[in-house]
Amino acid sequence: MRLFSKALNRVIFYRLPVIALCVFIFWQSSCPGIISEPLFPHDDKVLHFLCYALLAFLCARDLDTEKPLWSRAKIRLIAIVFACLFGLSDEIHQAFVISRTASPYDLFADCLGAVFGSLWFKKPGGH
């Protein structure tokens, strides 16, 4: 029974936040764009950066729990690739949503955020 509870904890505390954020991003991208005045120039790029930094960080944290023998570099690289590919799929998805557009600048902000978020992740033990 102990093994089941450890696996369940791993899913609830590490995998579920990644899935929840992906679902939130997809849901948010499905909504028609809100036309309003930005708080500051390019505020949407800052939101993209922060969201995908969080996604890459959570993905790296989940991978570290799932694959404890992997190096920090491998975990970071996979987290970056996952977040960037998810960002690409999100931009393609937005191209089909009314009053939304796909933007290479948004994808760039997504990927830059993914790199930052993966670098923010510190593997316990430091390898």
# chains A, B, ... in the order shown; residues from 1 in each chain; ligands from 1

$ closest_atom_pairs --of "range 31-82 of chain A" --to "range 100-106 of chain A" --cutoff "10 Å" --atoms "only C-alpha atoms" --output "JSON lines"
{"residue": "A:Cys31", "atom": "CA", "partner": "A:Arg100", "partner_atom": "CA", "distance": 8.5}
{"residue": "A:Pro32", "atom": "CA", "partner": "A:Arg100", "partner_atom": "CA", "distance": 6.3}
{"residue": "A:Gly33", "atom": "CA", "partner": "A:Arg100", "partner_atom": "CA", "distance": 5.6}
{"residue": "A:Ile34", "atom": "CA", "partner": "A:Arg100", "partner_atom": "CA", "distance": 9.1}
{"residue": "A:Asp44", "atom": "CA", "partner": "A:Asp106", "partner_atom": "CA", "distance": 8.0}
{"residue": "A:Lys45", "atom": "CA", "partner": "A:Asp106", "partner_atom": "CA", "distance": 6.1}
{"residue": "A:Val46", "atom": "CA", "partner": "A:Asp106", "partner_atom": "CA", "distance": 9.4}
{"residue": "A:Leu47", "atom": "CA", "partner": "A:Asp106", "partner_atom": "CA", "distance": 9.5}
{"residue": "A:His48", "atom": "CA", "partner": "A:Asp106", "partner_atom": "CA", "distance": 6.6}
{"residue": "A:Phe49", "atom": "CA", "partner": "A:Asp106", "partner_atom": "CA", "distance": 8.4}

$ residues_around --residues "Trp120 in chain A" --least-positions-apart "5" --cutoff "10 Å" --atoms "only C-alpha atoms" --output "MDAnalysis selection string"
chainID A and resid 53:54 56:57 60 76 114:115

$ closest_atom_pairs --of "range 35-109 of chain A" --to "range 4-23 of chain A" --cutoff "8 Å" --atoms "only C-alpha atoms" --output "CSV"
residue,atom,partner,partner_atom,distance
A:Leu55,CA,A:Val18,CA,6.5
A:Leu58,CA,A:Val18,CA,5.8
A:Cys59,CA,A:Val18,CA,6.1
A:Arg61,CA,A:Tyr14,CA,6.8
A:Asp62,CA,A:Tyr14,CA,4.9
A:Thr65,CA,A:Arg10,CA,7.3
A:Glu66,CA,A:Arg10,CA,7.9

$ residues_around --residues "Gly113 in chain A" --least-positions-apart "2" --cutoff "7 Å" --atoms "only C-alpha atoms" --output "list in words"
Phe49, Leu50, Tyr52, Ala53, Ala109, Asp110, Cys111, Val115, Phe116 and Gly117 of chain A

$ atom_distance --atom1 "CA of Leu77 in chain A" --atom2 "CA of Phe121 in chain A"
11.5 Å

$ closest_residue --among "A:Leu69, A:Phe24, A:Ser29, A:Ile75" --to "Ile98 in chain A" --atoms "only C-alpha atoms"
A:Ser29

$ residues_around --residues "Leu88 in chain A" --least-positions-apart "3" --cutoff "9 Å" --atoms "only C-alpha atoms" --output "list in words"
Ala83, Cys84, Leu85, Glu91, Ile92, His93, Pro104, Leu107 and Asp110 of chain A

$ write_last_selection --atoms "C-alpha atoms" --output "PDB file, in the first residue's frame"
ATOM      1  CA  ALA A  83       7.119  23.827 -23.179  1.00  0.00           C
ATOM      2  CA  CYS A  84       8.212  25.167 -26.589  1.00  0.00           C
ATOM      3  CA  LEU A  85       6.281  22.483 -28.461  1.00  0.00           C
ATOM      4  CA  GLU A  91      -0.222  29.282 -31.363  1.00  0.00           C
ATOM      5  CA  ILE A  92      -1.539  26.916 -34.040  1.00  0.00           C
ATOM      6  CA  HIS A  93      -4.690  26.409 -31.945  1.00  0.00           C
ATOM      7  CA  PRO A 104       5.702  34.204 -33.803  1.00  0.00           C
ATOM      8  CA  LEU A 107       5.980  31.796 -29.478  1.00  0.00           C
ATOM      9  CA  ASP A 110       6.906  31.256 -24.726  1.00  0.00           C
TER      10      ASP A 110
END
